[in-house]
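Structure first, then comments.
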Amino acid sequence: MNLKRYLRLLGIQLKASGLLSLQYRADFFTEGLTSLFWTFTALAPLFVVYGERPNIEGWSFGEALLVVGWFTLLQGILEGAINPSLTGVVEHIRKGTLDFVLLKPADAQFLVSTQRFQPWRAFNVLTGVGLFVYAFTHLGRWPSVTGLLASVLLLGTSTLLLYSLWILTVSAAFFVVRVDNLTYLFTSIFDFARWPSSVFQGVGRGALTMVFTYVIPLALMTTFPAQAMLGRLPFQSLLGAVAGAGIFAWGSRQVWLRSIRRYTSASS
Amino acid sequence: MSARTVLRAFPTLLRVGFAEAVAYRAEMLIWVLSTTMPLVNMVLWMAVSREAPVGRFGEADFISYFLATFAVRQLATSWAAWLINWEVKQGTLAMRLLRPISPLWTYAVESIAAFPMRLLVAVPVVLLSVALVGEKAVPQHAWQWGFFVLSVIGGWAVAFLANVAIGALCFFLESSQKVLEVWLVLFFVCSGYMYPVELLPPTLRAIIDWLPFRYQIGVPVEMLTGAYGWQESLRLLAAQWAWVAVLGGLAAVTWKQGVRRFAAFGG
């Protein structure tokens with residue numbers, strides 16, 4: 001019964017932001033164009049790098065393109081579904097209107113994370129899929145069914161990880177208030193996910209790869225799904241990703257609850 | 001507004017700007033941390049050049065190139081377009097226009113006043129580069145240092161004037177945020193921020209030579225890493241300052257025309 005209620009609530013929130021974005025239909029084209037533009041910047045160094053070498057740290061051009069594809073796709077999810085509502089939280093905290101959200105008879109984390117979507121940003125998702133198709137035609141083969149299923153599963157874990165990281169960032173907002181440029185910080189760290197994580201192996205004897213796998217799990221978000229599509233992700237890694245994402249989400253939930261408890265409204 | 005008013009107001013404006021930069025130092029630190037892209041690219045190019053150098057770049061050259069990029073980005077940067085957009089939308093620009101000095105001067109001085117704080121970040125990065133790579137990371141001759149300082153100032157001017165020109169478009173377009181975004185994308189691709197421009201195919205390089213982007217970051221970085229003899233350096237500096245002049249004219253014209261329209265719908 002509870003689940004049903006939340007699903008209905010989600011439906012209502014989705015409908016509201018859907019209607020809102022239908023008002024700005026021209027955005028569809030500008031979003032599309034800018035997303036293509038940004039994808040091109042993500043690709044530019046790839047072309048320059050692979051103009052010099054056919055293979056970098058065991059990744060060929062087509063394979064690295066898959067990672068960029070995942071990066072673009074996740075960026076679409078981040079900017080379309082996660083970013084807008086959580087920027088809203090920061091605004092709430094600053095103005096003190098978060099009190100109204102907390103008073104509502106539903107879970108606060110659920111309410112704040114579903115308050116606003118920007119469907120046109122989903123254009124990035126399409127661009128990402130386009131990159132997958134291009135990458136596989138370049139590789140001259142198609143992914144296996146199990147590989148594809150595994151990558152869909154990993155899409156779920158990546159989204160969960162991204163969302164949890166965001167919740168952590170927002171929880172920081174309760175302590176430092178001016179957090180809107182923390183969001184820039186976050187996106188610039190996310191930039192590291194553009195490249196297969198093995199590229200970073202050479203730095204500090206693999207310390208950076210360790211950080212990006214276990215501390216800020218960027219490798220799990222883009223490199224693992226790309227590997228799954230190529231059919232070379234070990235089964236333990238898949239299990240590890242699912243378990244890791246679960247633990248991470250649970251941890252961020254605890255942090256959120258803790259910060260909410262600490263929260264005293266802006267006026268007091 | 002005469003030149004004398006501007007000159008008289010300058011020290012005060014600088015002091016205010018500096019105090020502001022100090023007050024928002026935590027925020028500035030976060031901004032600095034969010035320009036980590038050169039570091040991402042550094043690691044990537046190090047991996048690429050591990051087996052064999054790319055062009056004239058070995059692993060050490062990439063380290064010094066990208067650390068220089070990081071340092072130069074701290075100095076040759078401006079957020080005026082964003083500020084203008086915001087102030088026009090909020091209407092707070094009206095307050096600035098009431099003062100006896102052009103808002104453009106205040107924007108410029110605010111940016112210049114943050115220089116000491118930004119140097120606090122840039123200088124250690126350059127020193128780190130020297131520690132990692134050796135003396136090669138910085139110019140060997142006095143004239144090269146002079147050229148480098150000139151090119152950083154030029155790079156800042158390119159960034160600032162382009163920002164003003166783009167920002168002023170919001171008087172005509174409602175918001176010039178999208179134009180700014182397009183500029184930024186081209187900047188990332190063409191400026192030498194993500195890879196040394198030298199590594200691009202010759203035709204592309206020829207086009208980039210004619211565009212302003214490289215003169216914001218790429219040229220100062222190349223001056224710092226001492227990539228050219230004085231003849232080529234002089235040519236690049238001349239091209240850079242030509243762009244400063246062009247963008248200066250463009251900024252002045254769009255701003256003047258734009259403000260007239262602002263008065264029209266704000267008043």
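Ligands are numbered from 1 in the order shown, chains are lettered A, B, ... in the order of the structure tokens, and residues start at 1 in each chain.
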- Message: as a ChimeraX atom specification, please: the residues near Trp145 of chain B (cut-off 9 Å, only C-alpha atoms, same-chain neighbours under 6 positions excluded).
- Response: /B:138-139,223-224
- Message: Give me, as a list in words, all polymer residues having an atom no more than 9 Å from Val253 of chain B, counting only C-alpha atoms and skipping those fewer than 5 positions away in the same chain.
- Response: Ala165, Gly248 and Gly258 of chain B
Please save N, CA and C atoms of the selected residues as a short mmCIF file (atom, residue, chain, number, x, y, z; two decimals), in the first residue's frame.
data_model
loop_
_atom_site.label_atom_id
_atom_site.label_comp_id
_atom_site.auth_asym_id
_atom_site.auth_seq_id
_atom_site.Cartn_x
_atom_site.Cartn_y
_atom_site.Cartn_z
N ALA B 165 31.55 40.81 -24.53
CA ALA B 165 30.82 40.84 -25.80
C ALA B 165 29.67 39.83 -25.76
N GLY B 248 38.10 43.86 -28.09
CA GLY B 248 37.83 45.09 -27.37
C GLY B 248 36.82 45.96 -28.11
N GLY B 258 23.73 47.69 -26.40
CA GLY B 258 22.89 46.90 -25.51
C GLY B 258 22.34 47.72 -24.36
#
List every residue of chain B that has an atom at most 7 Å from any atom of chain A, and for each one report the closest atom pair and its distance in Å to one decimal, counting only C-alpha atoms, with rows sorted by chain and then by increasing residue number, as JSON lines.
{"residue": "B:Ile30", "atom": "CA", "partner": "A:Leu185", "partner_atom": "CA", "distance": 6.6}
{"residue": "B:Leu33", "atom": "CA", "partner": "A:Leu185", "partner_atom": "CA", "distance": 6.5}
{"residue": "B:Ser34", "atom": "CA", "partner": "A:Leu185", "partner_atom": "CA", "distance": 4.5}
{"residue": "B:Thr35", "atom": "CA", "partner": "A:Ser188", "partner_atom": "CA", "distance": 6.9}
{"residue": "B:Thr36", "atom": "CA", "partner": "A:Ser188", "partner_atom": "CA", "distance": 6.6}
{"residue": "B:Met37", "atom": "CA", "partner": "A:Ser188", "partner_atom": "CA", "distance": 6.9}
{"residue": "B:Val40", "atom": "CA", "partner": "A:Phe192", "partner_atom": "CA", "distance": 6.0}
{"residue": "B:Val43", "atom": "CA", "partner": "A:Phe200", "partner_atom": "CA", "distance": 6.3}
{"residue": "B:Leu44", "atom": "CA", "partner": "A:Val199", "partner_atom": "CA", "distance": 6.2}
{"residue": "B:Ala47", "atom": "CA", "partner": "A:Val199", "partner_atom": "CA", "distance": 6.2}
{"residue": "B:Val48", "atom": "CA", "partner": "A:Ile56", "partner_atom": "CA", "distance": 6.3}
{"residue": "B:Val185", "atom": "CA", "partner": "A:Thr41", "partner_atom": "CA", "distance": 6.5}
{"residue": "B:Phe188", "atom": "CA", "partner": "A:Thr41", "partner_atom": "CA", "distance": 6.8}
{"residue": "B:Val189", "atom": "CA", "partner": "A:Thr41", "partner_atom": "CA", "distance": 5.9}
{"residue": "B:Met194", "atom": "CA", "partner": "A:Pro45", "partner_atom": "CA", "distance": 6.7}
{"residue": "B:Tyr195", "atom": "CA", "partner": "A:Pro45", "partner_atom": "CA", "distance": 6.8}
{"residue": "B:Leu200", "atom": "CA", "partner": "A:Val48", "partner_atom": "CA", "distance": 6.7}
Deliver the residues from the most recent selection as a file, using N, CA, C and O atoms, as a short mmCIF file (atom, residue, chain, number, x, y, z; two decimals), in the first residue's frame.
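Final output, saved to result00.cif:
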data_model
loop_
_atom_site.label_atom_id
_atom_site.label_comp_id
_atom_site.auth_asym_id
_atom_site.auth_seq_id
_atom_site.Cartn_x
_atom_site.Cartn_y
_atom_site.Cartn_z
N ILE B 30 36.94 26.20 -4.15
CA ILE B 30 36.10 25.21 -4.80
C ILE B 30 36.13 25.40 -6.31
O ILE B 30 36.22 24.45 -7.08
N LEU B 33 39.30 23.96 -7.54
CA LEU B 33 39.24 22.50 -7.56
C LEU B 33 38.38 22.00 -8.72
O LEU B 33 38.56 20.88 -9.19
N SER B 34 37.43 22.84 -9.15
CA SER B 34 36.57 22.36 -10.22
C SER B 34 37.19 22.61 -11.60
O SER B 34 36.57 22.34 -12.61
N THR B 35 38.41 23.13 -11.65
CA THR B 35 39.08 23.22 -12.95
C THR B 35 40.15 22.13 -13.05
O THR B 35 41.25 22.37 -13.49
N THR B 36 39.76 20.92 -12.63
CA THR B 36 40.75 19.85 -12.61
C THR B 36 40.94 19.17 -13.96
O THR B 36 41.73 18.24 -14.07
N MET B 37 40.21 19.64 -14.98
CA MET B 37 40.28 18.95 -16.26
C MET B 37 41.70 18.78 -16.81
O MET B 37 42.03 17.72 -17.33
N VAL B 40 43.08 15.62 -15.42
CA VAL B 40 42.55 14.42 -16.08
C VAL B 40 43.32 14.18 -17.36
O VAL B 40 43.78 13.06 -17.65
N VAL B 43 47.01 12.97 -16.94
CA VAL B 43 47.13 11.54 -16.65
C VAL B 43 46.94 10.72 -17.93
O VAL B 43 47.69 9.80 -18.23
N LEU B 44 45.92 11.14 -18.69
CA LEU B 44 45.64 10.43 -19.93
C LEU B 44 46.83 10.47 -20.88
O LEU B 44 47.26 9.44 -21.40
N ALA B 47 49.73 8.38 -19.97
CA ALA B 47 49.55 6.98 -20.35
C ALA B 47 49.87 6.79 -21.83
O ALA B 47 50.49 5.79 -22.22
N VAL B 48 49.44 7.74 -22.65
CA VAL B 48 49.66 7.61 -24.09
C VAL B 48 51.14 7.65 -24.42
O VAL B 48 51.63 6.91 -25.27
N VAL B 185 32.46 25.49 -25.39
CA VAL B 185 32.75 24.23 -26.08
C VAL B 185 33.89 24.44 -27.07
O VAL B 185 34.86 23.68 -27.10
N PHE B 188 37.13 24.72 -25.31
CA PHE B 188 37.70 23.44 -24.87
C PHE B 188 38.41 22.73 -26.03
O PHE B 188 39.48 22.18 -25.87
N VAL B 189 37.77 22.77 -27.21
CA VAL B 189 38.32 22.02 -28.34
C VAL B 189 39.53 22.72 -28.94
O VAL B 189 40.50 22.08 -29.32
N MET B 194 42.78 20.92 -23.64
CA MET B 194 42.67 19.48 -23.46
C MET B 194 43.83 18.72 -24.08
O MET B 194 44.08 17.57 -23.73
N TYR B 195 44.52 19.33 -25.02
CA TYR B 195 45.70 18.72 -25.64
C TYR B 195 46.48 19.85 -26.30
O TYR B 195 45.88 20.85 -26.69
N LEU B 200 47.34 18.49 -33.33
CA LEU B 200 46.24 18.40 -34.29
C LEU B 200 46.78 18.36 -35.71
O LEU B 200 47.90 18.80 -35.97
#
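Nearest residue to Ala239 of chain B, choosing from B:Leu186, B:Ile208, B:Ala252, B:Val16 and counting only C-alpha atoms: B:Ile208.
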- Note on the structure: Restricting to only C-alpha atoms, whichever of A:Phe190, A:Phe248, A:Phe117, A:Trp166 is closest to Leu20 of chain A is A:Phe117
Residues within 12 Å of Ala157 of chain B, only C-alpha atoms, excluding chain neighbours under 3 positions, as an mmCIF file with all heavy atoms, in the first residue's frame:
data_model
loop_
_atom_site.group_PDB
_atom_site.id
_atom_site.type_symbol
_atom_site.label_atom_id
_atom_site.label_comp_id
_atom_site.auth_asym_id
_atom_site.auth_seq_id
_atom_site.Cartn_x
_atom_site.Cartn_y
_atom_site.Cartn_z
ATOM 1 N N LEU B 75 44.658 32.190 -14.015
ATOM 2 C CA LEU B 75 44.906 33.625 -14.224
ATOM 3 C C LEU B 75 44.114 34.174 -15.400
ATOM 4 O O LEU B 75 43.482 35.228 -15.294
ATOM 5 C CB LEU B 75 46.405 33.851 -14.451
ATOM 6 C CG LEU B 75 47.302 33.357 -13.311
ATOM 7 C CD1 LEU B 75 48.753 33.414 -13.720
ATOM 8 C CD2 LEU B 75 47.069 34.181 -12.052
ATOM 9 N N ALA B 76 44.163 33.483 -16.533
ATOM 10 C CA ALA B 76 43.510 33.988 -17.739
ATOM 11 C C ALA B 76 42.080 33.492 -17.792
ATOM 12 O O ALA B 76 41.727 32.650 -18.604
ATOM 13 C CB ALA B 76 44.284 33.544 -18.979
ATOM 14 N N THR B 77 41.264 34.008 -16.894
ATOM 15 C CA THR B 77 39.886 33.542 -16.845
ATOM 16 C C THR B 77 38.976 34.694 -16.461
ATOM 17 O O THR B 77 39.420 35.672 -15.875
ATOM 18 C CB THR B 77 39.766 32.375 -15.844
ATOM 19 O OG1 THR B 77 38.490 31.796 -15.980
ATOM 20 C CG2 THR B 77 39.950 32.839 -14.422
ATOM 21 N N SER B 78 37.712 34.576 -16.811
ATOM 22 C CA SER B 78 36.757 35.631 -16.494
ATOM 23 C C SER B 78 35.366 35.036 -16.474
ATOM 24 O O SER B 78 35.074 34.105 -17.218
ATOM 25 C CB SER B 78 36.831 36.722 -17.561
ATOM 26 O OG SER B 78 35.690 37.539 -17.487
ATOM 27 N N ALA B 80 32.683 37.219 -16.499
ATOM 28 C CA ALA B 80 31.887 38.438 -16.676
ATOM 29 C C ALA B 80 30.570 38.168 -17.418
ATOM 30 O O ALA B 80 29.543 38.754 -17.078
ATOM 31 C CB ALA B 80 32.700 39.484 -17.422
ATOM 32 N N ALA B 108 36.045 44.559 -14.775
ATOM 33 C CA ALA B 108 37.454 44.297 -15.053
ATOM 34 C C ALA B 108 38.274 44.346 -13.771
ATOM 35 O O ALA B 108 39.091 43.460 -13.504
ATOM 36 C CB ALA B 108 37.980 45.307 -16.068
ATOM 37 N N VAL B 109 38.023 45.364 -12.963
ATOM 38 C CA VAL B 109 38.833 45.530 -11.750
ATOM 39 C C VAL B 109 38.570 44.402 -10.758
ATOM 40 O O VAL B 109 39.486 43.886 -10.133
ATOM 41 C CB VAL B 109 38.567 46.908 -11.117
ATOM 42 C CG1 VAL B 109 39.252 47.007 -9.772
ATOM 43 C CG2 VAL B 109 39.066 48.004 -12.031
ATOM 44 N N SER B 111 37.912 41.430 -11.440
ATOM 45 C CA SER B 111 38.648 40.264 -11.913
ATOM 46 C C SER B 111 40.146 40.421 -11.646
ATOM 47 O O SER B 111 40.818 39.486 -11.209
ATOM 48 C CB SER B 111 38.348 40.081 -13.394
ATOM 49 O OG SER B 111 39.084 39.057 -13.928
ATOM 50 N N ILE B 112 40.659 41.635 -11.885
ATOM 51 C CA ILE B 112 42.094 41.875 -11.686
ATOM 52 C C ILE B 112 42.447 41.783 -10.206
ATOM 53 O O ILE B 112 43.492 41.252 -9.833
ATOM 54 C CB ILE B 112 42.498 43.259 -12.237
ATOM 55 C CG1 ILE B 112 42.356 43.268 -13.753
ATOM 56 C CG2 ILE B 112 43.932 43.606 -11.856
ATOM 57 C CD1 ILE B 112 42.457 44.634 -14.371
ATOM 58 N N LEU B 150 53.441 39.076 -20.577
ATOM 59 C CA LEU B 150 52.619 39.778 -21.575
ATOM 60 C C LEU B 150 51.514 38.872 -22.108
ATOM 61 O O LEU B 150 50.367 39.294 -22.274
ATOM 62 C CB LEU B 150 53.504 40.209 -22.747
ATOM 63 C CG LEU B 150 54.065 41.626 -22.696
ATOM 64 C CD1 LEU B 150 54.915 41.867 -23.932
ATOM 65 C CD2 LEU B 150 52.925 42.637 -22.631
ATOM 66 N N SER B 151 51.879 37.615 -22.356
ATOM 67 C CA SER B 151 50.894 36.706 -22.961
ATOM 68 C C SER B 151 49.808 36.320 -21.969
ATOM 69 O O SER B 151 48.662 36.083 -22.359
ATOM 70 C CB SER B 151 51.578 35.464 -23.521
ATOM 71 O OG SER B 151 52.085 34.689 -22.471
ATOM 72 N N VAL B 152 50.140 36.270 -20.671
ATOM 73 C CA VAL B 152 49.097 35.980 -19.683
ATOM 74 C C VAL B 152 48.122 37.145 -19.599
ATOM 75 O O VAL B 152 46.898 36.950 -19.575
ATOM 76 C CB VAL B 152 49.695 35.696 -18.288
ATOM 77 C CG1 VAL B 152 48.605 35.686 -17.236
ATOM 78 C CG2 VAL B 152 50.399 34.365 -18.282
ATOM 79 N N ILE B 153 48.669 38.358 -19.608
ATOM 80 C CA ILE B 153 47.792 39.536 -19.582
ATOM 81 C C ILE B 153 46.912 39.533 -20.833
ATOM 82 O O ILE B 153 45.699 39.759 -20.767
ATOM 83 C CB ILE B 153 48.624 40.828 -19.495
ATOM 84 C CG1 ILE B 153 49.421 40.836 -18.191
ATOM 85 C CG2 ILE B 153 47.721 42.053 -19.570
ATOM 86 C CD1 ILE B 153 50.424 41.968 -18.087
ATOM 87 N N GLY B 154 47.533 39.232 -21.964
ATOM 88 C CA GLY B 154 46.769 39.160 -23.215
ATOM 89 C C GLY B 154 45.691 38.086 -23.129
ATOM 90 O O GLY B 154 44.563 38.286 -23.572
ATOM 91 N N PHE B 160 38.329 38.125 -20.951
ATOM 92 C CA PHE B 160 37.431 39.128 -20.390
ATOM 93 C C PHE B 160 36.614 39.819 -21.477
ATOM 94 O O PHE B 160 35.386 39.938 -21.360
ATOM 95 C CB PHE B 160 38.230 40.161 -19.593
ATOM 96 C CG PHE B 160 37.396 41.291 -19.088
ATOM 97 C CD1 PHE B 160 36.518 41.082 -18.042
ATOM 98 C CD2 PHE B 160 37.469 42.548 -19.671
ATOM 99 C CE1 PHE B 160 35.722 42.123 -17.571
ATOM 100 C CE2 PHE B 160 36.678 43.591 -19.211
ATOM 101 C CZ PHE B 160 35.798 43.375 -18.163
ATOM 102 N N LEU B 161 37.279 40.257 -22.541
ATOM 103 C CA LEU B 161 36.570 41.018 -23.572
ATOM 104 C C LEU B 161 35.554 40.142 -24.301
ATOM 105 O O LEU B 161 34.444 40.583 -24.604
ATOM 106 C CB LEU B 161 37.575 41.624 -24.551
ATOM 107 C CG LEU B 161 38.456 42.703 -23.919
ATOM 108 C CD1 LEU B 161 39.589 43.088 -24.856
ATOM 109 C CD2 LEU B 161 37.619 43.929 -23.563
ATOM 110 N N ALA B 162 35.934 38.887 -24.555
ATOM 111 C CA ALA B 162 34.976 37.976 -25.190
ATOM 112 C C ALA B 162 33.780 37.780 -24.269
ATOM 113 O O ALA B 162 32.624 37.759 -24.720
ATOM 114 C CB ALA B 162 35.639 36.635 -25.478
ATOM 115 N N ASN B 163 34.046 37.683 -22.985
ATOM 116 C CA ASN B 163 32.963 37.518 -22.011
ATOM 117 C C ASN B 163 32.021 38.713 -22.016
ATOM 118 O O ASN B 163 30.809 38.550 -21.939
ATOM 119 C CB ASN B 163 33.552 37.340 -20.611
ATOM 120 C CG ASN B 163 33.503 35.915 -20.158
ATOM 121 O OD1 ASN B 163 32.528 35.487 -19.567
ATOM 122 N ND2 ASN B 163 34.533 35.158 -20.476
ATOM 123 N N VAL B 164 32.594 39.910 -22.093
ATOM 124 C CA VAL B 164 31.751 41.104 -22.121
ATOM 125 C C VAL B 164 30.909 41.114 -23.390
ATOM 126 O O VAL B 164 29.693 41.357 -23.349
ATOM 127 C CB VAL B 164 32.606 42.384 -22.039
ATOM 128 C CG1 VAL B 164 31.757 43.610 -22.328
ATOM 129 C CG2 VAL B 164 33.249 42.491 -20.677
ATOM 130 N N ALA B 165 31.552 40.814 -24.525
ATOM 131 C CA ALA B 165 30.820 40.835 -25.798
ATOM 132 C C ALA B 165 29.672 39.826 -25.757
ATOM 133 O O ALA B 165 28.548 40.133 -26.167
ATOM 134 C CB ALA B 165 31.767 40.525 -26.955
ATOM 135 N N PRO B 212 40.232 33.005 -31.861
ATOM 136 C CA PRO B 212 40.769 33.624 -30.642
ATOM 137 C C PRO B 212 41.127 32.640 -29.527
ATOM 138 O O PRO B 212 41.898 32.981 -28.642
ATOM 139 C CB PRO B 212 39.626 34.536 -30.182
ATOM 140 C CG PRO B 212 38.403 33.913 -30.721
ATOM 141 C CD PRO B 212 38.808 33.301 -32.039
ATOM 142 N N PHE B 213 40.569 31.425 -29.572
ATOM 143 C CA PHE B 213 40.605 30.554 -28.390
ATOM 144 C C PHE B 213 42.010 30.206 -27.929
ATOM 145 O O PHE B 213 42.322 30.218 -26.750
ATOM 146 C CB PHE B 213 39.823 29.273 -28.670
ATOM 147 C CG PHE B 213 38.446 29.546 -29.153
ATOM 148 C CD1 PHE B 213 38.131 29.430 -30.492
ATOM 149 C CD2 PHE B 213 37.469 29.973 -28.285
ATOM 150 C CE1 PHE B 213 36.862 29.715 -30.951
ATOM 151 C CE2 PHE B 213 36.206 30.266 -28.733
ATOM 152 C CZ PHE B 213 35.906 30.133 -30.068
ATOM 153 N N TYR B 215 44.599 31.832 -28.092
ATOM 154 C CA TYR B 215 45.361 32.936 -27.519
ATOM 155 C C TYR B 215 45.009 33.173 -26.062
ATOM 156 O O TYR B 215 45.667 33.935 -25.379
ATOM 157 C CB TYR B 215 45.158 34.193 -28.371
ATOM 158 C CG TYR B 215 45.650 33.958 -29.773
ATOM 159 C CD1 TYR B 215 44.776 33.711 -30.826
ATOM 160 C CD2 TYR B 215 47.016 33.884 -30.018
ATOM 161 C CE1 TYR B 215 45.244 33.429 -32.089
ATOM 162 C CE2 TYR B 215 47.494 33.592 -31.281
ATOM 163 C CZ TYR B 215 46.607 33.363 -32.317
ATOM 164 O OH TYR B 215 47.079 33.062 -33.556
ATOM 165 N N GLN B 216 43.934 32.513 -25.611
ATOM 166 C CA GLN B 216 43.583 32.660 -24.204
ATOM 167 C C GLN B 216 44.445 31.755 -23.310
ATOM 168 O O GLN B 216 44.959 32.200 -22.289
ATOM 169 C CB GLN B 216 42.096 32.340 -23.987
ATOM 170 C CG GLN B 216 41.631 32.625 -22.564
ATOM 171 C CD GLN B 216 40.205 32.172 -22.327
ATOM 172 O OE1 GLN B 216 39.402 32.064 -23.246
ATOM 173 N NE2 GLN B 216 39.894 31.891 -21.074
ATOM 174 N N ILE B 217 44.602 30.507 -23.703
ATOM 175 C CA ILE B 217 45.312 29.548 -22.861
ATOM 176 C C ILE B 217 46.579 29.005 -23.530
ATOM 177 O O ILE B 217 47.664 29.038 -22.951
ATOM 178 C CB ILE B 217 44.400 28.340 -22.502
ATOM 179 C CG1 ILE B 217 43.202 28.788 -21.683
ATOM 180 C CG2 ILE B 217 45.190 27.270 -21.777
ATOM 181 C CD1 ILE B 217 43.477 29.014 -20.230
ATOM 182 N N GLN B 240 47.999 37.579 -30.763
ATOM 183 C CA GLN B 240 47.174 37.619 -29.558
ATOM 184 C C GLN B 240 46.653 39.031 -29.304
ATOM 185 O O GLN B 240 45.452 39.230 -29.095
ATOM 186 C CB GLN B 240 47.994 37.152 -28.356
ATOM 187 C CG GLN B 240 47.178 37.057 -27.100
ATOM 188 C CD GLN B 240 48.045 36.805 -25.876
ATOM 189 O OE1 GLN B 240 49.105 37.411 -25.714
ATOM 190 N NE2 GLN B 240 47.614 35.901 -25.031
ATOM 191 N N TRP B 241 47.551 39.995 -29.374
ATOM 192 C CA TRP B 241 47.123 41.361 -29.074
ATOM 193 C C TRP B 241 46.244 41.931 -30.169
ATOM 194 O O TRP B 241 45.411 42.817 -29.904
ATOM 195 C CB TRP B 241 48.319 42.245 -28.738
ATOM 196 C CG TRP B 241 48.763 41.927 -27.351
ATOM 197 C CD1 TRP B 241 49.684 40.987 -26.979
ATOM 198 C CD2 TRP B 241 48.240 42.473 -26.138
ATOM 199 N NE1 TRP B 241 49.774 40.923 -25.606
ATOM 200 C CE2 TRP B 241 48.899 41.829 -25.058
ATOM 201 C CE3 TRP B 241 47.280 43.447 -25.838
ATOM 202 C CZ2 TRP B 241 48.628 42.115 -23.729
ATOM 203 C CZ3 TRP B 241 47.022 43.738 -24.509
ATOM 204 C CH2 TRP B 241 47.688 43.076 -23.469
ATOM 205 N N ALA B 242 46.383 41.420 -31.402
ATOM 206 C CA ALA B 242 45.441 41.813 -32.458
ATOM 207 C C ALA B 242 44.041 41.361 -32.062
ATOM 208 O O ALA B 242 43.060 42.103 -32.198
ATOM 209 C CB ALA B 242 45.855 41.199 -33.789
ATOM 210 N N TRP B 243 43.945 40.138 -31.533
ATOM 211 C CA TRP B 243 42.637 39.646 -31.094
ATOM 212 C C TRP B 243 42.100 40.453 -29.923
ATOM 213 O O TRP B 243 40.906 40.700 -29.820
ATOM 214 C CB TRP B 243 42.714 38.163 -30.715
ATOM 215 C CG TRP B 243 42.245 37.282 -31.826
ATOM 216 C CD1 TRP B 243 42.997 36.415 -32.557
ATOM 217 C CD2 TRP B 243 40.917 37.212 -32.352
ATOM 218 N NE1 TRP B 243 42.219 35.815 -33.502
ATOM 219 C CE2 TRP B 243 40.937 36.280 -33.396
ATOM 220 C CE3 TRP B 243 39.713 37.847 -32.052
ATOM 221 C CZ2 TRP B 243 39.805 35.963 -34.148
ATOM 222 C CZ3 TRP B 243 38.575 37.539 -32.788
ATOM 223 C CH2 TRP B 243 38.633 36.612 -33.817
ATOM 224 N N VAL B 244 43.008 40.871 -29.034
ATOM 225 C CA VAL B 244 42.570 41.705 -27.914
ATOM 226 C C VAL B 244 41.921 42.978 -28.462
ATOM 227 O O VAL B 244 40.847 43.392 -28.009
ATOM 228 C CB VAL B 244 43.752 42.057 -26.988
ATOM 229 C CG1 VAL B 244 43.333 43.083 -25.941
ATOM 230 C CG2 VAL B 244 44.272 40.806 -26.303
ATOM 231 N N ALA B 245 42.561 43.570 -29.480
ATOM 232 C CA ALA B 245 42.015 44.802 -30.055
ATOM 233 C C ALA B 245 40.650 44.551 -30.686
ATOM 234 O O ALA B 245 39.690 45.295 -30.457
ATOM 235 C CB ALA B 245 42.990 45.350 -31.094
ATOM 236 N N VAL B 246 40.559 43.472 -31.482
ATOM 237 C CA VAL B 246 39.296 43.165 -32.162
ATOM 238 C C VAL B 246 38.176 42.930 -31.152
ATOM 239 O O VAL B 246 37.084 43.513 -31.238
ATOM 240 C CB VAL B 246 39.449 41.920 -33.061
ATOM 241 C CG1 VAL B 246 38.090 41.460 -33.586
ATOM 242 C CG2 VAL B 246 40.384 42.216 -34.211
ATOM 243 N N LEU B 247 38.472 42.086 -30.155
ATOM 244 C CA LEU B 247 37.446 41.774 -29.155
ATOM 245 C C LEU B 247 37.096 43.007 -28.329
ATOM 246 O O LEU B 247 35.931 43.197 -27.947
ATOM 247 C CB LEU B 247 37.929 40.651 -28.240
ATOM 248 C CG LEU B 247 37.945 39.268 -28.883
ATOM 249 C CD1 LEU B 247 38.676 38.274 -27.988
ATOM 250 C CD2 LEU B 247 36.532 38.776 -29.151
ATOM 251 N N GLY B 248 38.097 43.857 -28.095
ATOM 252 C CA GLY B 248 37.829 45.094 -27.369
ATOM 253 C C GLY B 248 36.823 45.960 -28.110
ATOM 254 O O GLY B 248 35.855 46.453 -27.515
ATOM 255 N N ALA B 251 33.406 44.257 -27.976
ATOM 256 C CA ALA B 251 32.796 44.363 -26.654
ATOM 257 C C ALA B 251 32.232 45.770 -26.450
ATOM 258 O O ALA B 251 31.100 45.934 -25.976
ATOM 259 C CB ALA B 251 33.819 44.038 -25.571
#
- Item | Shell of 12 Å around Leu168 of chain A, only C-alpha atoms, local chain residues under 6 positions omitted, as an MDAnalysis selection string | chainID A and resid 86 109 161:162 174:175 179 182:183 186 216 248:260
- So which one's closest to Pro201 of chain B, B:Leu173, B:Val179, B:Val126, B:Gly55? Using only C-alpha atoms, please. B:Gly55
- Message: Give me, as a ChimeraX atom specification, the residues of segment 9-226 of chain A that a backbone DSSP run labels alpha helix (DSSP H).
- Response: /A:9-22,26-52,61-77,83-95,98-103,108-113,123-139,145-176,180-190,207-210,218-226
- Distance query Leu126 of chain A at most 12 Å, only C-alpha atoms, self and fewer than 2 positions along chain excluded, as a PyMOL selection string: chain A and resi 31-32+35-36+39+69-70+72-77+119-124+128-133
- Just give me the gap between atom CA of Pro143 of chain A and atom CA of Pro234 of chain A in Å, one decimal is fine. 15.3 Å
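The interatomic distance for the pair atom CA of Tyr6 of chain A and atom CA of Ser113 of chain A works out to 12.5 Å.
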- Message: Show me, as a ChimeraX atom specification, the residues that have an atom within 10 Å of Gly88 of chain A when counting only C-alpha atoms, minus same-chain residues fewer than 4 positions from it.
- Response: /A:83-84,92-94,98,112-113,115-116
- Message: List the spatial neighbours of segment 149-155 of chain A as a list in words - criterion: any atom at most 9 Å away, only C-alpha atoms, same-chain residues fewer than 3 positions off excluded.
- Response: Trp70, Leu74, Ser144, Val145, Thr146, Ser158, Thr159, Leu160, Leu220, Met221, Thr222, Phe224, Pro225, Ala226, Gln227, Ala228, Met229, Gly231, Leu238, Ala241 and Val242 of chain A
